[in-house]
Amino acid sequence: MQTTEKTERSFSIELDSKQQVKNMALTNEGQRESILIEGTIGNLVEATFTEGIILEVTGTKGALRLDLQVKEIKAGIQTRKLR
């Protein structure tokens with residue numbers, strides 16, 4: 001069975017300065033590799049959907065963008081209500 005639905009999500013983080021990065025860790029523990037990025041985008045300016053498919057959270061010091069549709073958020077909320 002072949003599906004054309006995209007299952008992986010992409011994201012980007014844009015910061016005005018590397019000073020907004022609180023912690024960045026790259027680990028390689030045996031077979032498991034992970035990356036942790038923590039920081040601040042400052043005070044919330046707005047959270048909007050760009051082109052209906054990208055959640056963009058903009059702060060005074062940067063922005064976080066996530067490939068996520070409004071209908072997917074609504075579906076997730078409905079699923080949690082049924083539990």
# chains A, B, ... in the order shown; residues from 1 in each chain; ligands from 1
$ residues_around --residues "Gly62 of chain A" --least-positions-apart "4" --cutoff "9 Å" --atoms "only C-alpha atoms" --output "list in words"
Ile13, Glu14, Leu15, Asp16, Ser17, Gln20, Thr40, Ile41, Gly42, Val57 and Thr58 of chain A
$ write_last_selection --atoms "C-alpha atoms" --output "mmCIF file, in the first residue's frame"
data_model
loop_
_atom_site.group_PDB
_atom_site.id
_atom_site.type_symbol
_atom_site.label_atom_id
_atom_site.label_comp_id
_atom_site.auth_asym_id
_atom_site.auth_seq_id
_atom_site.Cartn_x
_atom_site.Cartn_y
_atom_site.Cartn_z
ATOM 1 C CA ILE A 13 14.560 27.885 14.259
ATOM 2 C CA GLU A 14 15.775 31.374 13.468
ATOM 3 C CA LEU A 15 17.379 33.411 16.241
ATOM 4 C CA ASP A 16 18.676 36.962 16.138
ATOM 5 C CA SER A 17 21.849 36.004 18.011
ATOM 6 C CA GLN A 20 19.558 33.204 22.583
ATOM 7 C CA THR A 40 14.501 31.561 23.695
ATOM 8 C CA ILE A 41 12.644 33.377 20.958
ATOM 9 C CA GLY A 42 11.889 36.163 23.420
ATOM 10 C CA VAL A 57 5.634 31.291 16.380
ATOM 11 C CA THR A 58 7.368 34.663 16.292
#
$ residues_around --residues "Glu72 of chain A" --least-positions-apart "4" --cutoff "12 Å" --atoms "only C-alpha atoms" --output "list in words"
Thr7, Arg9, Gly52, Ile53, Ile54, Leu55, Asp67, Leu68, Gly76, Ile77, Gln78 and Thr79 of chain A
$ select_by_dssp --residues "segment 2-78 of chain A" --states "helix (DSSP H, G or I)" --output "PyMOL selection string"
chain A and resi 18-20+70-78
$ select_by_dssp --residues "chain A" --states "strand (DSSP E)" --output "tab-separated table (two decimals) with N, CA and C atoms, in the first residue's frame"
chain	number	residue	atom	x	y	z
A	11	PHE	N	11.16	21.48	10.53
A	11	PHE	CA	11.09	22.66	11.38
A	11	PHE	C	12.31	23.52	11.12
A	12	SER	N	12.21	24.76	11.51
A	12	SER	CA	13.36	25.66	11.48
A	12	SER	C	13.29	26.57	12.69
A	13	ILE	N	14.45	26.95	13.15
A	13	ILE	CA	14.56	27.88	14.26
A	13	ILE	C	15.47	29.01	13.79
A	14	GLU	N	14.98	30.21	13.88
A	14	GLU	CA	15.77	31.37	13.47
A	14	GLU	C	15.90	32.29	14.68
A	15	LEU	N	17.13	32.55	15.08
A	15	LEU	CA	17.38	33.41	16.24
A	15	LEU	C	18.19	34.62	15.81
A	21	VAL	N	20.67	31.03	22.38
A	21	VAL	CA	20.79	29.58	22.55
A	21	VAL	C	21.22	29.29	23.98
A	22	LYS	N	20.34	28.63	24.71
A	22	LYS	CA	20.63	28.30	26.11
A	22	LYS	C	21.47	27.04	26.20
A	23	ASN	N	21.12	26.03	25.41
A	23	ASN	CA	21.80	24.74	25.47
A	23	ASN	C	21.70	24.07	24.11
A	24	MET	N	22.80	23.45	23.69
A	24	MET	CA	22.81	22.68	22.46
A	24	MET	C	23.67	21.47	22.72
A	25	ALA	N	23.09	20.29	22.61
A	25	ALA	CA	23.83	19.07	22.92
A	25	ALA	C	23.68	18.05	21.81
A	26	LEU	N	24.78	17.49	21.40
A	26	LEU	CA	24.81	16.40	20.44
A	26	LEU	C	25.35	15.18	21.17
A	27	THR	N	24.59	14.10	21.18
A	27	THR	CA	25.05	12.91	21.88
A	27	THR	C	25.14	11.73	20.92
A	28	ASN	N	26.03	10.86	21.22
A	28	ASN	CA	26.21	9.64	20.45
A	28	ASN	C	26.42	8.51	21.43
A	29	GLU	N	25.33	7.97	21.93
A	29	GLU	CA	25.38	6.91	22.92
A	29	GLU	C	25.10	5.57	22.25
A	32	ARG	N	22.22	5.03	19.63
A	32	ARG	CA	21.28	6.15	19.72
A	32	ARG	C	22.01	7.48	19.59
A	33	GLU	N	21.59	8.27	18.64
A	33	GLU	CA	22.12	9.62	18.48
A	33	GLU	C	20.97	10.60	18.71
A	34	SER	N	21.23	11.68	19.41
A	34	SER	CA	20.17	12.67	19.63
A	34	SER	C	20.76	14.07	19.65
A	35	ILE	N	19.88	15.02	19.43
A	35	ILE	CA	20.25	16.43	19.43
A	35	ILE	C	19.21	17.17	20.26
A	36	LEU	N	19.67	18.03	21.15
A	36	LEU	CA	18.78	18.86	21.95
A	36	LEU	C	19.17	20.31	21.71
A	37	ILE	N	18.19	21.12	21.37
A	37	ILE	CA	18.41	22.55	21.18
A	37	ILE	C	17.42	23.28	22.07
A	38	GLU	N	17.93	24.10	22.98
A	38	GLU	CA	17.08	24.90	23.86
A	38	GLU	C	17.51	26.35	23.76
A	39	GLY	N	16.56	27.22	23.84
A	39	GLY	CA	16.88	28.64	23.80
A	39	GLY	C	15.62	29.45	24.01
A	44	LEU	N	6.48	36.55	23.17
A	44	LEU	CA	5.62	36.20	22.05
A	44	LEU	C	5.10	37.45	21.35
A	45	VAL	N	5.30	37.49	20.04
A	45	VAL	CA	4.77	38.56	19.22
A	45	VAL	C	3.49	38.07	18.55
A	46	GLU	N	3.56	36.88	17.92
A	46	GLU	CA	2.37	36.30	17.31
A	46	GLU	C	2.60	34.82	16.99
A	47	ALA	N	1.52	34.12	16.85
A	47	ALA	CA	1.55	32.72	16.41
A	47	ALA	C	0.53	32.62	15.28
A	48	THR	N	0.99	32.29	14.10
A	48	THR	CA	0.12	32.26	12.93
A	48	THR	C	0.43	31.04	12.07
A	49	PHE	N	-0.48	30.79	11.14
A	49	PHE	CA	-0.24	29.76	10.14
A	49	PHE	C	0.10	30.45	8.83
A	50	THR	N	1.23	30.10	8.26
A	50	THR	CA	1.66	30.63	6.98
A	50	THR	C	1.20	29.66	5.90
A	54	ILE	N	2.18	25.92	7.74
A	54	ILE	CA	3.36	26.13	8.58
A	54	ILE	C	2.96	26.95	9.80
A	55	LEU	N	3.09	26.34	10.97
A	55	LEU	CA	2.85	27.07	12.22
A	55	LEU	C	4.10	27.91	12.48
A	56	GLU	N	3.93	29.21	12.58
A	56	GLU	CA	5.05	30.11	12.82
A	56	GLU	C	4.81	30.85	14.13
A	57	VAL	N	5.69	30.62	15.09
A	57	VAL	CA	5.63	31.29	16.38
A	57	VAL	C	6.76	32.32	16.38
A	58	THR	N	6.40	33.58	16.38
A	58	THR	CA	7.37	34.66	16.29
A	58	THR	C	7.51	35.34	17.64
A	59	GLY	N	8.75	35.53	18.04
A	59	GLY	CA	9.05	36.23	19.28
A	59	GLY	C	9.87	37.46	19.00
A	62	GLY	N	13.37	35.96	17.77
A	62	GLY	CA	13.49	34.90	16.77
A	62	GLY	C	12.16	34.28	16.43
A	63	ALA	N	12.21	33.17	15.68
A	63	ALA	CA	10.99	32.51	15.24
A	63	ALA	C	11.20	31.00	15.17
A	64	LEU	N	10.13	30.28	15.43
A	64	LEU	CA	10.10	28.83	15.30
A	64	LEU	C	9.05	28.51	14.25
A	65	ARG	N	9.42	27.70	13.27
A	65	ARG	CA	8.48	27.31	12.22
A	65	ARG	C	8.38	25.79	12.21
A	66	LEU	N	7.14	25.30	12.11
A	66	LEU	CA	6.89	23.87	12.14
A	66	LEU	C	5.90	23.51	11.05
A	67	ASP	N	6.23	22.50	10.28
A	67	ASP	CA	5.38	22.00	9.21
A	67	ASP	C	4.20	21.26	9.85
